[in-house]
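Peer 1: Structure in structure tokens, see below.
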Amino acid sequence: MSIIAKMFGDANARFLKTLEPLILRINELEKEFEALSDDALKEKTAEFKKRFAEGETLDELLPETYACVREAAKRTLKQRHFDAQLLGGIILHQGRIAEM
């Protein structure tokens, strides 16, 4: 590995680092979504659709929607998405290729 690559990391590592704030935000929302009742969690879908129709972008909705999906998976499948899985989903959302 070249000295420059060792100092700055490769392009992929730098790109993944730019997504860390999204993962942190999703994780911050986890307690908020855990506190919702099953009905309130279901109602989030309609809320997200309404906010999107009112002009909010998918990128703006992403942290909340991913936190909602994570909580739904925890309740129904008894499985919690790992941060790496969230990263893969974000990358696919951006139209990029992700290998898990």
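Residue numbers start at 1 in each chain; chains themselves are named A, B, ... in the order of the structure tokens; ligands are numbered from 1 in the order shown.
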List the neighbours of region 31-41 of chain A out to 12 Å using only C-alpha atoms; skip same-chain residues closer than 6 positions along the sequence, and give me the result as a PyMOL selection string.
Peer 2: chain A and resi 25+47-48+63-76+80
Peer 1: Write a file of the selected residues as a PDB file, in the first residue's frame, keeping N, CA and C atoms.
Peer 2:
```pdb
ATOM      1  N   ARG A  25     -27.485   8.993  13.195  1.00  0.00           N
ATOM      2  CA  ARG A  25     -28.827   9.557  13.358  1.00  0.00           C
ATOM      3  C   ARG A  25     -29.865   8.447  13.484  1.00  0.00           C
ATOM      4  N   GLU A  47     -47.576   8.858   7.595  1.00  0.00           N
ATOM      5  CA  GLU A  47     -46.903  10.135   7.892  1.00  0.00           C
ATOM      6  C   GLU A  47     -45.775  10.387   6.899  1.00  0.00           C
ATOM      7  N   PHE A  48     -44.964   9.366   6.625  1.00  0.00           N
ATOM      8  CA  PHE A  48     -43.852   9.533   5.686  1.00  0.00           C
ATOM      9  C   PHE A  48     -44.362   9.851   4.279  1.00  0.00           C
ATOM     10  N   PRO A  63     -33.326   8.791   7.518  1.00  0.00           N
ATOM     11  CA  PRO A  63     -33.018   8.332   8.882  1.00  0.00           C
ATOM     12  C   PRO A  63     -34.243   7.813   9.636  1.00  0.00           C
ATOM     13  N   GLU A  64     -35.355   8.521   9.541  1.00  0.00           N
ATOM     14  CA  GLU A  64     -36.562   8.089  10.250  1.00  0.00           C
ATOM     15  C   GLU A  64     -37.145   6.817   9.650  1.00  0.00           C
ATOM     16  N   THR A  65     -37.153   6.729   8.326  1.00  0.00           N
ATOM     17  CA  THR A  65     -37.729   5.538   7.702  1.00  0.00           C
ATOM     18  C   THR A  65     -36.891   4.304   8.008  1.00  0.00           C
ATOM     19  N   TYR A  66     -35.584   4.447   8.012  1.00  0.00           N
ATOM     20  CA  TYR A  66     -34.720   3.304   8.326  1.00  0.00           C
ATOM     21  C   TYR A  66     -34.858   2.916   9.797  1.00  0.00           C
ATOM     22  N   ALA A  67     -35.008   3.894  10.679  1.00  0.00           N
ATOM     23  CA  ALA A  67     -35.231   3.585  12.097  1.00  0.00           C
ATOM     24  C   ALA A  67     -36.565   2.871  12.272  1.00  0.00           C
ATOM     25  N   CYS A  68     -37.552   3.270  11.496  1.00  0.00           N
ATOM     26  CA  CYS A  68     -38.876   2.646  11.555  1.00  0.00           C
ATOM     27  C   CYS A  68     -38.805   1.196  11.069  1.00  0.00           C
ATOM     28  N   VAL A  69     -38.132   0.965   9.966  1.00  0.00           N
ATOM     29  CA  VAL A  69     -37.996  -0.387   9.431  1.00  0.00           C
ATOM     30  C   VAL A  69     -37.209  -1.267  10.395  1.00  0.00           C
ATOM     31  N   ARG A  70     -36.171  -0.710  10.982  1.00  0.00           N
ATOM     32  CA  ARG A  70     -35.376  -1.482  11.946  1.00  0.00           C
ATOM     33  C   ARG A  70     -36.261  -1.928  13.114  1.00  0.00           C
ATOM     34  N   GLU A  71     -37.068  -1.002  13.615  1.00  0.00           N
ATOM     35  CA  GLU A  71     -37.946  -1.340  14.744  1.00  0.00           C
ATOM     36  C   GLU A  71     -39.005  -2.356  14.343  1.00  0.00           C
ATOM     37  N   ALA A  72     -39.559  -2.215  13.146  1.00  0.00           N
ATOM     38  CA  ALA A  72     -40.556  -3.184  12.674  1.00  0.00           C
ATOM     39  C   ALA A  72     -39.934  -4.577  12.558  1.00  0.00           C
ATOM     40  N   ALA A  73     -38.708  -4.658  12.085  1.00  0.00           N
ATOM     41  CA  ALA A  73     -38.018  -5.951  11.972  1.00  0.00           C
ATOM     42  C   ALA A  73     -37.756  -6.541  13.354  1.00  0.00           C
ATOM     43  N   LYS A  74     -37.396  -5.694  14.298  1.00  0.00           N
ATOM     44  CA  LYS A  74     -37.162  -6.184  15.661  1.00  0.00           C
ATOM     45  C   LYS A  74     -38.433  -6.784  16.245  1.00  0.00           C
ATOM     46  N   ARG A  75     -39.565  -6.142  15.978  1.00  0.00           N
ATOM     47  CA  ARG A  75     -40.827  -6.613  16.555  1.00  0.00           C
ATOM     48  C   ARG A  75     -41.380  -7.841  15.845  1.00  0.00           C
ATOM     49  N   THR A  76     -41.256  -7.890  14.533  1.00  0.00           N
ATOM     50  CA  THR A  76     -41.886  -8.974  13.784  1.00  0.00           C
ATOM     51  C   THR A  76     -40.966 -10.163  13.555  1.00  0.00           C
ATOM     52  N   ARG A  80     -32.549  -7.499  14.513  1.00  0.00           N
ATOM     53  CA  ARG A  80     -32.224  -6.077  14.408  1.00  0.00           C
ATOM     54  C   ARG A  80     -31.192  -5.899  13.306  1.00  0.00           C
TER      55      ARG A  80
END
```
Peer 1: Using DSSP on the backbone, list every residue of region 7-95 of chain A that comes out as alpha helix (DSSP H), and give them as a PyMOL selection string.
Peer 2: chain A and resi 7-8+11-18+20-34+38-53+58-76+83-93
Peer 1: Would you pick out the contacts of Thr18 (chain A) at 12 Å or less, using only C-alpha atoms, so that residues sharing its chain but fewer than 6 positions from it are not included, and give the list as a VMD selection string?
Peer 2: chain A and resid 11 to 12 24 87 90 to 91
Peer 1: List the neighbours of Asp83 (chain A) out to 10 Å using only C-alpha atoms; skip same-chain residues closer than 3 positions along the sequence, and give me the result as a count of residues only.
Peer 2: 10
Peer 1: Could you tell me which of A:Lys78, A:Leu62, A:Phe52, A:Lys6 comes closest to Leu29 (chain A) if we count only C-alpha atoms?
Peer 2: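 The shortest atom-to-atom distance to Leu29 (chain A) comes from A:Leu62.
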Peer 1: Just how far from CA of Leu22 (chain A) is CA of Leu92 (chain A), in Å to one decimal?
Peer 2: 14.2 Å
Peer 1: How many Å lie between CA of Ala98 (chain A) and CA of Thr45 (chain A), rounded to one decimal?
Peer 2: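 Computing it gives 25.7 Å between the two atoms.
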Peer 1: One decimal, in Å: what's the spacing between CA of Glu60 (chain A) and CA of Phe8 (chain A)?
Peer 2: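 Going from CA of Glu60 (chain A) over to CA of Phe8 (chain A), I get 29.1 Å.
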